[in-house]
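Data block below; observations after.
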Amino acid sequence: VNCRQIVELMTDYLEGTLSESDRRRFEAHLTRCDGCTEYLEQLRTTMKLAATSADQPIPAELEAELTRVFRDWKGQP
Ligand SMILES: [Zn+2]
């Protein structure tokens with residue numbers, strides 16, 4: 001599992017919709033990847049803000065933006 005795949009699973013993880021096996025792989029990756037741990041915290045905060053301000057799911061544009069920011073941080077295409 002690489003960081004890119006982890007990022008794609010993050011919203012599902014926070015929404016609690018990951019399967020048991022995916023969740024295990026996700027959490028195993030987080031224990032050895034500071035970048036993804038930090039990113040998850042940012043995403044969690046963002047989603048919490050979105051939920052409290054509008055009671056709506058995170059907009060697709062915002063999710064895309066977060067993914068882009070993460071790619072820049074990671075230096076991956
Ligand atoms: Zn990672």
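Labeling convention for the structure tokens: chains A, B, ... as they appear, residues from 1 per chain, ligands from 1 in order of appearance.
Selection of all polymer residues within 6 Å of ligand 1 on the basis of only C-alpha atoms and all ligand atoms gives Cys3, Cys33, Gly35 and Cys36 of chain A.
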Contact residues around A:Ala64 with only C-alpha atoms at 12 Å, ignoring same-chain residues under 6 positions, as an MDAnalysis selection string: chainID A and resid 7:8 11 43 58 70:71
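We find atom CA of A:Asp72 and atom CA of A:Gly16 to be spaced 26.8 Å apart.
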Selection near stretch 20-22 of chain A, 9 Å with only C-alpha atoms, sequence-local residues under 5 positions removed, as a list in words: Leu9, Tyr13 and Glu27 of chain A
Picked from chain A by DSSP as helix (DSSP H, G or I), as a ChimeraX atom specification: /A:3-15,20-31,34-54,60-74
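Using only C-alpha atoms for every distance, the candidate list A:Ala60, A:Asn2, A:Leu14, A:Val69 yields A:Leu14 as the residue closest to A:Glu41.
Ranking A:Leu18, A:Leu30, A:Leu40, A:Ala51 by their shortest atom-to-atom distance to A:Leu66, with only C-alpha atoms included, puts A:Leu40 first.
Here atom CA of A:Gln5 and atom CA of A:Arg24 stand 13.5 Å from one another.
Atom CA of A:Arg32 is positioned 28.9 Å from atom CA of A:Glu61.
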